[in-house]
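Asker: My file is input.pdb. It has PDB, C-alpha atoms, pLDDT in the B column:
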ATOM      1  CA  ALA A  11       0.000   0.000   0.000  1.00 73.00           C
ATOM      2  CA  GLN A  12       1.093   3.522  -0.694  1.00 81.00           C
ATOM      3  CA  SER A  13       1.804   6.012   2.052  1.00 90.00           C
ATOM      4  CA  VAL A  14       3.084   9.567   2.191  1.00 95.00           C
ATOM      5  CA  SER A  15       4.845  11.325   5.059  1.00 95.00           C
ATOM      6  CA  GLN A  16       5.120  15.046   5.486  1.00 96.00           C
ATOM      7  CA  HIS A  17       7.343  15.788   8.423  1.00 88.00           C
ATOM      8  CA  ASN A  18       6.618  19.462   8.846  1.00 90.00           C
ATOM      9  CA  HIS A  19       3.161  20.094  10.264  1.00 92.00           C
ATOM     10  CA  HIS A  20       3.395  23.849  10.588  1.00 95.00           C
ATOM     11  CA  VAL A  21       6.098  26.054   9.133  1.00 97.00           C
ATOM     12  CA  ILE A  22       6.366  29.765   9.858  1.00 97.00           C
ATOM     13  CA  LEU A  23       8.620  31.911   7.705  1.00 97.00           C
ATOM     14  CA  SER A  24       9.215  35.555   7.025  1.00 97.00           C
ATOM     15  CA  GLU A  25       8.706  36.950   3.561  1.00 96.00           C
ATOM     16  CA  ALA A  26      11.664  36.416   1.238  1.00 96.00           C
ATOM     17  CA  ALA A  27      12.872  33.400   3.194  1.00 97.00           C
ATOM     18  CA  SER A  28      13.604  30.192   1.326  1.00 97.00           C
ATOM     19  CA  LEU A  29      11.239  27.275   1.700  1.00 97.00           C
ATOM     20  CA  GLU A  30      11.675  23.541   1.652  1.00 97.00           C
ATOM     21  CA  LEU A  31       8.857  21.194   2.637  1.00 97.00           C
ATOM     22  CA  GLY A  32       9.666  17.537   3.028  1.00 96.00           C
ATOM     23  CA  CYS A  33       7.739  14.670   1.473  1.00 97.00           C
ATOM     24  CA  ASN A  34       8.624  10.990   1.572  1.00 96.00           C
ATOM     25  CA  TYR A  35       6.575   8.210   0.073  1.00 94.00           C
ATOM     26  CA  SER A  36       6.393   4.489   0.386  1.00 90.00           C
ATOM     27  CA  TYR A  37       5.470   2.388  -2.624  1.00 82.00           C
ATOM     28  CA  GLY A  38       7.045  -0.595  -4.292  1.00 74.00           C
ATOM     29  CA  GLY A  39       6.550   0.419  -7.898  1.00 79.00           C
ATOM     30  CA  THR A  40       6.758   3.396 -10.202  1.00 82.00           C
ATOM     31  CA  VAL A  41       4.901   6.426  -8.949  1.00 85.00           C
ATOM     32  CA  ASN A  42       3.477   9.715 -10.007  1.00 89.00           C
ATOM     33  CA  LEU A  43       4.040  12.494  -7.470  1.00 93.00           C
ATOM     34  CA  PHE A  44       2.108  15.674  -6.843  1.00 94.00           C
ATOM     35  CA  TRP A  45       2.056  18.757  -4.683  1.00 97.00           C
ATOM     36  CA  TYR A  46      -1.325  20.357  -4.112  1.00 95.00           C
ATOM     37  CA  VAL A  47      -1.971  23.668  -2.372  1.00 95.00           C
ATOM     38  CA  GLN A  48      -5.076  24.760  -0.523  1.00 91.00           C
ATOM     39  CA  TYR A  49      -5.323  28.499   0.070  1.00 91.00           C
ATOM     40  CA  PRO A  50      -7.592  29.599   2.920  1.00 86.00           C
ATOM     41  CA  GLY A  51     -11.196  29.007   1.947  1.00 81.00           C
ATOM     42  CA  GLN A  52     -10.334  27.586  -1.450  1.00 83.00           C
ATOM     43  CA  HIS A  53     -10.142  24.165  -2.997  1.00 83.00           C
ATOM     44  CA  LEU A  54      -7.137  21.992  -3.679  1.00 90.00           C
ATOM     45  CA  GLN A  55      -5.082  23.202  -6.623  1.00 91.00           C
ATOM     46  CA  LEU A  56      -2.230  21.432  -8.339  1.00 92.00           C
ATOM     47  CA  LEU A  57       1.154  23.122  -7.853  1.00 95.00           C
ATOM     48  CA  LEU A  58       3.254  20.652  -9.784  1.00 95.00           C
ATOM     49  CA  LYS A  59       3.555  17.020 -10.743  1.00 92.00           C
ATOM     50  CA  TYR A  60       6.179  14.460 -11.644  1.00 92.00           C
ATOM     51  CA  PHE A  61       5.558  11.555 -13.987  1.00 86.00           C
ATOM     52  CA  SER A  62       8.901  10.803 -15.571  1.00 85.00           C
ATOM     53  CA  GLY A  63      11.973  12.458 -17.057  1.00 89.00           C
ATOM     54  CA  ASP A  64      13.784  15.352 -15.420  1.00 93.00           C
ATOM     55  CA  PRO A  65      13.530  14.807 -11.669  1.00 93.00           C
ATOM     56  CA  LEU A  66      13.491  18.552 -11.069  1.00 96.00           C
ATOM     57  CA  VAL A  67      10.029  19.801 -11.894  1.00 96.00           C
ATOM     58  CA  LYS A  68       8.861  23.362 -11.951  1.00 96.00           C
ATOM     59  CA  GLY A  69       5.354  24.376 -11.087  1.00 94.00           C
ATOM     60  CA  ILE A  70       3.275  27.462 -10.790  1.00 93.00           C
ATOM     61  CA  LYS A  71       4.101  30.512  -8.663  1.00 94.00           C
ATOM     62  CA  GLY A  72       7.824  29.815  -8.578  1.00 96.00           C
ATOM     63  CA  PHE A  73       7.607  26.450  -6.838  1.00 97.00           C
ATOM     64  CA  GLU A  74       9.751  23.485  -7.770  1.00 97.00           C
ATOM     65  CA  ALA A  75      10.234  19.982  -6.474  1.00 98.00           C
ATOM     66  CA  GLU A  76      12.930  17.383  -6.857  1.00 96.00           C
ATOM     67  CA  PHE A  77      12.266  13.673  -7.108  1.00 95.00           C
ATOM     68  CA  ILE A  78      15.070  11.684  -5.504  1.00 94.00           C
ATOM     69  CA  LYS A  79      14.262   8.049  -6.163  1.00 91.00           C
ATOM     70  CA  SER A  80      16.956   6.663  -3.866  1.00 92.00           C
ATOM     71  CA  LYS A  81      15.505   8.611  -0.961  1.00 94.00           C
ATOM     72  CA  PHE A  82      11.833   8.125  -1.911  1.00 94.00           C
ATOM     73  CA  SER A  83      11.505  11.881  -1.563  1.00 96.00           C
ATOM     74  CA  PHE A  84       9.780  14.681  -3.429  1.00 97.00           C
ATOM     75  CA  ASN A  85      10.557  17.870  -1.515  1.00 97.00           C
ATOM     76  CA  LEU A  86       8.930  21.156  -2.428  1.00 97.00           C
ATOM     77  CA  ARG A  87      11.061  24.289  -2.662  1.00 97.00           C
ATOM     78  CA  LYS A  88      10.719  27.968  -3.306  1.00 98.00           C
ATOM     79  CA  PRO A  89      13.694  30.341  -3.115  1.00 97.00           C
ATOM     80  CA  SER A  90      11.779  33.347  -1.820  1.00 97.00           C
ATOM     81  CA  VAL A  91       8.320  33.084  -0.306  1.00 97.00           C
ATOM     82  CA  GLN A  92       5.622  35.713  -0.303  1.00 96.00           C
ATOM     83  CA  TRP A  93       2.819  36.435   2.113  1.00 96.00           C
ATOM     84  CA  SER A  94       0.386  35.094  -0.485  1.00 95.00           C
ATOM     85  CA  ASP A  95       2.005  31.653  -0.182  1.00 97.00           C
ATOM     86  CA  THR A  96       0.273  31.193   3.166  1.00 97.00           C
ATOM     87  CA  ALA A  97      -1.669  27.981   2.656  1.00 96.00           C
ATOM     88  CA  GLU A  98      -1.794  24.267   3.367  1.00 95.00           C
ATOM     89  CA  TYR A  99       0.446  22.138   1.162  1.00 97.00           C
ATOM     90  CA  PHE A 100      -0.231  18.479   0.438  1.00 96.00           C
ATOM     91  CA  CYS A 101       2.086  15.953  -1.102  1.00 97.00           C
ATOM     92  CA  ALA A 102       0.349  13.069  -2.895  1.00 95.00           C
ATOM     93  CA  VAL A 103       1.239   9.937  -4.817  1.00 92.00           C
ATOM     94  CA  THR A 104      -0.441   7.585  -7.260  1.00 88.00           C
ATOM     95  CA  SER A 105       0.828   4.470  -8.921  1.00 80.00           C
ATOM     96  CA  ASN A 106       1.950   4.853 -12.511  1.00 69.00           C
ATOM     97  CA  PHE A 107      -0.940   2.919 -13.976  1.00 67.00           C
ATOM     98  CA  GLY A 108      -2.998   6.017 -14.560  1.00 62.00           C
ATOM     99  CA  ASN A 109      -6.337   7.145 -13.211  1.00 66.00           C
ATOM    100  CA  GLU A 110      -5.576   5.851  -9.771  1.00 82.00           C
ATOM    101  CA  LYS A 111      -6.529   7.222  -6.376  1.00 89.00           C
ATOM    102  CA  LEU A 112      -4.352   9.871  -4.798  1.00 92.00           C
ATOM    103  CA  THR A 113      -2.770   9.022  -1.477  1.00 93.00           C
ATOM    104  CA  PHE A 114      -2.137  12.225   0.457  1.00 95.00           C
ATOM    105  CA  GLY A 115       0.221  13.187   3.194  1.00 95.00           C
ATOM    106  CA  THR A 116      -1.071  14.912   6.296  1.00 93.00           C
ATOM    107  CA  GLY A 117      -0.269  18.333   4.913  1.00 95.00           C
ATOM    108  CA  THR A 118       1.962  21.185   5.990  1.00 96.00           C
ATOM    109  CA  ARG A 119       0.500  24.481   7.067  1.00 96.00           C
ATOM    110  CA  LEU A 120       2.700  27.319   5.856  1.00 97.00           C
ATOM    111  CA  THR A 121       2.369  30.722   7.474  1.00 97.00           C
ATOM    112  CA  ILE A 122       4.284  33.622   5.973  1.00 97.00           C
ATOM    113  CA  ILE A 123       4.831  36.624   8.182  1.00 95.00           C
ATOM    114  CA  PRO A 124       4.965  39.925   6.283  1.00 89.00           C
TER     115      PRO A 124
ATOM    116  CA  GLU B  23     -11.400  27.683 -17.287  1.00 76.00           C
ATOM    117  CA  PRO B  24     -13.613  24.670 -16.574  1.00 80.00           C
ATOM    118  CA  GLU B  25     -13.870  23.622 -12.961  1.00 90.00           C
ATOM    119  CA  VAL B  26     -15.452  21.022 -10.724  1.00 95.00           C
ATOM    120  CA  THR B  27     -18.408  22.344  -8.759  1.00 95.00           C
ATOM    121  CA  GLN B  28     -20.027  20.947  -5.626  1.00 96.00           C
ATOM    122  CA  THR B  29     -23.280  21.611  -3.841  1.00 96.00           C
ATOM    123  CA  PRO B  30     -24.134  22.382  -1.167  1.00 96.00           C
ATOM    124  CA  SER B  31     -21.104  24.102   0.306  1.00 95.00           C
ATOM    125  CA  HIS B  32     -22.266  23.225   3.807  1.00 96.00           C
ATOM    126  CA  GLN B  33     -24.739  20.561   4.878  1.00 97.00           C
ATOM    127  CA  VAL B  34     -25.948  20.104   8.427  1.00 97.00           C
ATOM    128  CA  THR B  35     -27.881  16.963   9.230  1.00 97.00           C
ATOM    129  CA  GLN B  36     -29.084  14.894  12.141  1.00 97.00           C
ATOM    130  CA  MET B  37     -27.480  11.559  12.898  1.00 97.00           C
ATOM    131  CA  GLY B  38     -29.269   8.766  11.057  1.00 97.00           C
ATOM    132  CA  GLN B  39     -30.467  10.968   8.224  1.00 97.00           C
ATOM    133  CA  GLU B  40     -29.593  10.410   4.599  1.00 97.00           C
ATOM    134  CA  VAL B  41     -27.554  13.000   2.752  1.00 98.00           C
ATOM    135  CA  ILE B  42     -26.693  13.399  -0.903  1.00 97.00           C
ATOM    136  CA  LEU B  43     -23.668  15.419  -1.884  1.00 98.00           C
ATOM    137  CA  ARG B  44     -23.586  16.626  -5.440  1.00 97.00           C
ATOM    138  CA  CYS B  45     -20.750  17.236  -7.835  1.00 97.00           C
ATOM    139  CA  VAL B  46     -20.543  18.383 -11.425  1.00 97.00           C
ATOM    140  CA  PRO B  47     -17.215  17.195 -12.857  1.00 95.00           C
ATOM    141  CA  ILE B  48     -15.477  18.845 -15.771  1.00 93.00           C
ATOM    142  CA  SER B  49     -17.489  17.970 -18.837  1.00 90.00           C
ATOM    143  CA  ASN B  50     -15.002  15.926 -20.884  1.00 87.00           C
ATOM    144  CA  HIS B  51     -13.576  14.044 -17.908  1.00 90.00           C
ATOM    145  CA  LEU B  52     -14.079  10.328 -17.582  1.00 89.00           C
ATOM    146  CA  TYR B  53     -12.844   9.441 -14.093  1.00 92.00           C
ATOM    147  CA  PHE B  54     -14.504  10.652 -10.937  1.00 94.00           C
ATOM    148  CA  TYR B  55     -13.485  10.478  -7.310  1.00 96.00           C
ATOM    149  CA  TRP B  56     -14.693  11.282  -3.829  1.00 98.00           C
ATOM    150  CA  TYR B  57     -12.308  12.106  -1.012  1.00 97.00           C
ATOM    151  CA  ARG B  58     -12.931  13.331   2.488  1.00 96.00           C
ATOM    152  CA  GLN B  59     -10.976  15.254   5.071  1.00 93.00           C
ATOM    153  CA  ILE B  60     -11.902  15.043   8.706  1.00 93.00           C
ATOM    154  CA  LEU B  61     -10.929  18.229  10.508  1.00 88.00           C
ATOM    155  CA  GLY B  62      -7.237  18.186  11.307  1.00 82.00           C
ATOM    156  CA  GLN B  63      -6.562  14.980   9.403  1.00 86.00           C
ATOM    157  CA  LYS B  64      -5.315  14.065   5.956  1.00 88.00           C
ATOM    158  CA  VAL B  65      -7.350  13.914   2.786  1.00 93.00           C
ATOM    159  CA  GLU B  66      -8.545  10.310   2.391  1.00 95.00           C
ATOM    160  CA  PHE B  67      -9.710   8.493  -0.728  1.00 96.00           C
ATOM    161  CA  LEU B  68     -13.237   7.127  -0.646  1.00 97.00           C
ATOM    162  CA  VAL B  69     -14.124   5.870  -4.108  1.00 97.00           C
ATOM    163  CA  SER B  70     -13.311   6.130  -7.791  1.00 94.00           C
ATOM    164  CA  PHE B  71     -15.819   5.750 -10.608  1.00 94.00           C
ATOM    165  CA  TYR B  72     -15.411   5.087 -14.300  1.00 91.00           C
ATOM    166  CA  ASN B  73     -17.714   3.943 -17.059  1.00 89.00           C
ATOM    167  CA  ASN B  74     -20.694   3.954 -14.716  1.00 90.00           C
ATOM    168  CA  GLU B  75     -19.216   1.683 -12.141  1.00 92.00           C
ATOM    169  CA  ILE B  76     -16.975   1.803  -9.104  1.00 94.00           C
ATOM    170  CA  SER B  77     -13.307   1.254  -9.999  1.00 92.00           C
ATOM    171  CA  GLU B  78     -11.947   1.179  -6.489  1.00 92.00           C
ATOM    172  CA  LYS B  79     -13.187   1.913  -2.991  1.00 94.00           C
ATOM    173  CA  SER B  80     -11.518   2.281   0.355  1.00 95.00           C
ATOM    174  CA  GLU B  81     -12.424   0.538   3.592  1.00 94.00           C
ATOM    175  CA  ILE B  82     -14.175   3.735   4.635  1.00 94.00           C
ATOM    176  CA  PHE B  83     -16.648   3.308   1.777  1.00 96.00           C
ATOM    177  CA  ASP B  84     -18.932   0.765   3.439  1.00 94.00           C
ATOM    178  CA  ASP B  85     -22.542  -0.173   2.733  1.00 94.00           C
ATOM    179  CA  GLN B  86     -23.736   3.184   4.029  1.00 96.00           C
ATOM    180  CA  PHE B  87     -22.106   4.921   1.078  1.00 97.00           C
ATOM    181  CA  SER B  88     -23.081   4.848  -2.555  1.00 97.00           C
ATOM    182  CA  VAL B  89     -22.230   6.811  -5.666  1.00 97.00           C
ATOM    183  CA  GLU B  90     -24.181   7.467  -8.776  1.00 94.00           C
ATOM    184  CA  ARG B  91     -23.933   9.316 -12.030  1.00 92.00           C
ATOM    185  CA  PRO B  92     -27.629   9.820 -12.675  1.00 85.00           C
ATOM    186  CA  ASP B  93     -27.185  11.834 -15.844  1.00 86.00           C
ATOM    187  CA  GLY B  94     -24.414  13.080 -18.075  1.00 77.00           C
ATOM    188  CA  SER B  95     -23.242  15.775 -15.717  1.00 86.00           C
ATOM    189  CA  ASN B  96     -23.852  15.026 -12.042  1.00 93.00           C
ATOM    190  CA  PHE B  97     -21.896  12.699  -9.786  1.00 96.00           C
ATOM    191  CA  THR B  98     -23.400  12.108  -6.362  1.00 97.00           C
ATOM    192  CA  LEU B  99     -22.291  10.635  -3.068  1.00 98.00           C
ATOM    193  CA  LYS B 100     -25.033   9.316  -0.818  1.00 97.00           C
ATOM    194  CA  ILE B 101     -24.635   8.488   2.827  1.00 97.00           C
ATOM    195  CA  ARG B 102     -27.625   6.408   3.819  1.00 96.00           C
ATOM    196  CA  SER B 103     -27.627   6.845   7.584  1.00 95.00           C
ATOM    197  CA  THR B 104     -25.158   9.438   8.763  1.00 97.00           C
ATOM    198  CA  LYS B 105     -23.014   8.986  11.840  1.00 96.00           C
ATOM    199  CA  LEU B 106     -21.228  11.608  13.912  1.00 97.00           C
ATOM    200  CA  GLU B 107     -17.900  10.423  12.516  1.00 96.00           C
ATOM    201  CA  ASP B 108     -19.053  11.204   8.968  1.00 97.00           C
ATOM    202  CA  SER B 109     -18.596  14.890   9.755  1.00 97.00           C
ATOM    203  CA  ALA B 110     -15.899  16.020   7.342  1.00 97.00           C
ATOM    204  CA  MET B 111     -15.153  18.016   4.222  1.00 95.00           C
ATOM    205  CA  TYR B 112     -16.029  15.943   1.161  1.00 97.00           C
ATOM    206  CA  PHE B 113     -14.167  16.664  -2.061  1.00 97.00           C
ATOM    207  CA  CYS B 114     -15.124  15.560  -5.520  1.00 97.00           C
ATOM    208  CA  ALA B 115     -12.448  15.283  -8.199  1.00 96.00           C
ATOM    209  CA  SER B 116     -12.310  14.362 -11.853  1.00 94.00           C
ATOM    210  CA  ASP B 117      -9.681  13.666 -14.461  1.00 89.00           C
ATOM    211  CA  ARG B 118      -9.886  13.189 -18.176  1.00 85.00           C
ATOM    212  CA  GLY B 119      -8.192   9.842 -18.287  1.00 77.00           C
ATOM    213  CA  GLY B 120      -5.273   8.540 -20.268  1.00 66.00           C
ATOM    214  CA  ARG B 121      -3.491   5.473 -19.024  1.00 58.00           C
ATOM    215  CA  GLY B 122      -0.030   6.195 -17.699  1.00 53.00           C
ATOM    216  CA  GLY B 123      -0.128   9.722 -18.990  1.00 55.00           C
ATOM    217  CA  VAL B 124      -1.315  13.031 -17.696  1.00 56.00           C
ATOM    218  CA  ASN B 125      -3.223  12.045 -14.624  1.00 68.00           C
ATOM    219  CA  GLU B 126      -4.159  15.317 -13.010  1.00 83.00           C
ATOM    220  CA  GLN B 127      -7.183  15.282 -10.790  1.00 90.00           C
ATOM    221  CA  PHE B 128      -9.101  18.528 -10.544  1.00 92.00           C
ATOM    222  CA  PHE B 129     -10.817  19.126  -7.247  1.00 94.00           C
ATOM    223  CA  GLY B 130     -14.048  20.833  -6.361  1.00 95.00           C
ATOM    224  CA  PRO B 131     -14.336  23.313  -3.481  1.00 93.00           C
ATOM    225  CA  GLY B 132     -15.776  20.693  -1.145  1.00 95.00           C
ATOM    226  CA  THR B 133     -18.933  20.201   0.882  1.00 96.00           C
ATOM    227  CA  ARG B 134     -18.613  20.543   4.620  1.00 96.00           C
ATOM    228  CA  LEU B 135     -20.871  17.924   6.206  1.00 98.00           C
ATOM    229  CA  THR B 136     -21.776  18.394   9.852  1.00 98.00           C
ATOM    230  CA  VAL B 137     -23.636  15.566  11.568  1.00 97.00           C
ATOM    231  CA  LEU B 138     -25.322  16.494  14.848  1.00 96.00           C
TER     232      LEU B 138
END
Before anything else, please render the file you have as C-alpha cells.
Answerer:
Amino acid sequence: AQSVSQHNHHVILSEAASLELGCNYSYGGTVNLFWYVQYPGQHLQLLLKYFSGDPLVKGIKGFEAEFIKSKFSFNLRKPSVQWSDTAEYFCAVTSNFGNEKLTFGTGTRLTIIP
Amino acid sequence: EPEVTQTPSHQVTQMGQEVILRCVPISNHLYFYWYRQILGQKVEFLVSFYNNEISEKSEIFDDQFSVERPDGSNFTLKIRSTKLEDSAMYFCASDRGGRGGVNEQFFGPGTRLTVL
C-alpha cells in the first residue's frame, strides 16, 4: 500500500525566506508524485507534478520539487516566499498505472509573516 | 477555465439521516473520485468511478455509502444513515483519463458535512 509522510506540520517563515517542505513516500513500484496547495477558503489546486523524465520539476508561482528516487523523496522548494504563499500544502502519490486514487500526506500548514 | 463544482457548500444533518452530496465534474472528464478530510486529518480516498461503475473503494466506503452518475453531468455521493464520525469536508475530483499519462485530478471546493 502507498503512504506519504510530510514531516513538517506547521512552518512559519518571514517573507523572502527560502522554503523547503519535506515529502517521503512508500510504494514498491513506479509512482506519479504531486504537490497540491489549498489556500484559505479555497479548494485543492495542483502546484506541480512528476511523472517521468527530469527529476526537477517546476510548477506554478515559482515552486519546484525534486524527485530523488533513492531517498523516496519529493521535496517542495521555493527560493523566496511571499505572504500570499500562506496555505496548506499536500504531497500526494499515485501508482503509474494512470487514473488511480491519490494518497495524500497529512499536509503542511505554511504561514508567511509579512 | 472549466472547474469542478459541488453543492451544497455546507450541509448540516441529524445523525441517522440520509444525505446526498452533489458534484458536477469537468465535462469531458471520464474518471470521478470522492475524497474526504476530517478536521485536522489528511485527505482520504473514498471511491473512484469510471464507465458507470466503481473502480476502487476504500475501507471507509462501506454499505452506508453509494455513488451514482444519474445523468451526463452530475456525480453524487449518498450516505444512507449518517453517523457523527461522517462529519468532514467531502471533495469531488475528476480527471480526463489517459493510461499512464497526464493524470491530473481537478478538485471541487468541497462540501462541509456536519452531523449532529
Asker: If we draw a sphere of 6 Å around (-26.7, 19.4, -2.0), which residues have at least one atom in it when counting all atoms listed in the file? Please report them as a PyMOL selection string.
Answerer: chain B and resi 29-30+43-44
Asker: Using only C-alpha atoms, find which residues of chain A lie within 10 Å of chain B and jot them down as a PyMOL selection string.
Answerer: chain A and resi 42+44+48+51-56+58-62+100+102+104-117
Asker: Using all atoms listed in the file, determine which residues lie at most 8 Å from A:Tyr99, disregarding the query and same-chain residues fewer than 5 positions distant; provide the list as a PyMOL selection string.
Answerer: chain A and resi 45-48+117-120
Asker: Give me the result of the PyMOL selection byres ((chain A and resi 92) around 9) on this file, residue by residue, as a count of residues only.
Answerer: 13
Asker: So, with only C-alpha atoms as the atoms that count, which of B:Ser88, B:Thr136, B:Gln28, B:Ser95 lies closest to B:Glu75?
Answerer: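 Checking each of B:Ser88, B:Thr136, B:Gln28, B:Ser95 against B:Glu75, counting only C-alpha atoms, the winner is B:Ser88.
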Asker: Just say which residues the PyMOL selection byres ((chain A and resi 17) around 10) picks in this file, as a list of chain:residue names.
Answerer: A:Val14, A:Ser15, A:Gln16, A:Asn18, A:His19, A:His20, A:Leu31, A:Gly32, A:Cys33, A:Asn34, A:Gly115, A:Thr116, A:Gly117, A:Thr118
Asker: Let me know the residues the PyMOL selection byres ((chain B and resi 94) around 12) catches in the file above, as a list in words.
Answerer: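 Given this file, the PyMOL selection byres ((chain B and resi 94) around 12) evaluates to Cys45, Val46, Pro47, Ile48, Ser49, Asn50, His51, Leu52, Asn73, Asn74, Glu90, Arg91, Pro92, Asp93, Ser95, Asn96, Phe97 and Thr98 of chain B.
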Asker: Counting only C-alpha atoms, what is within 10 Å of A:Glu30, bar same-chain residues fewer than 3 positions away, as number ranges by chain?
Answerer: A: 18, 21, 33, 73-75, 85-89
Asker: Could you jot down the atom CA of B:Thr133 to atom CA of B:Ala110 separation for me, Å, one decimal place?
Answerer: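 Answer for the atom CA of B:Thr133 to atom CA of B:Ala110 separation: 8.3 Å.
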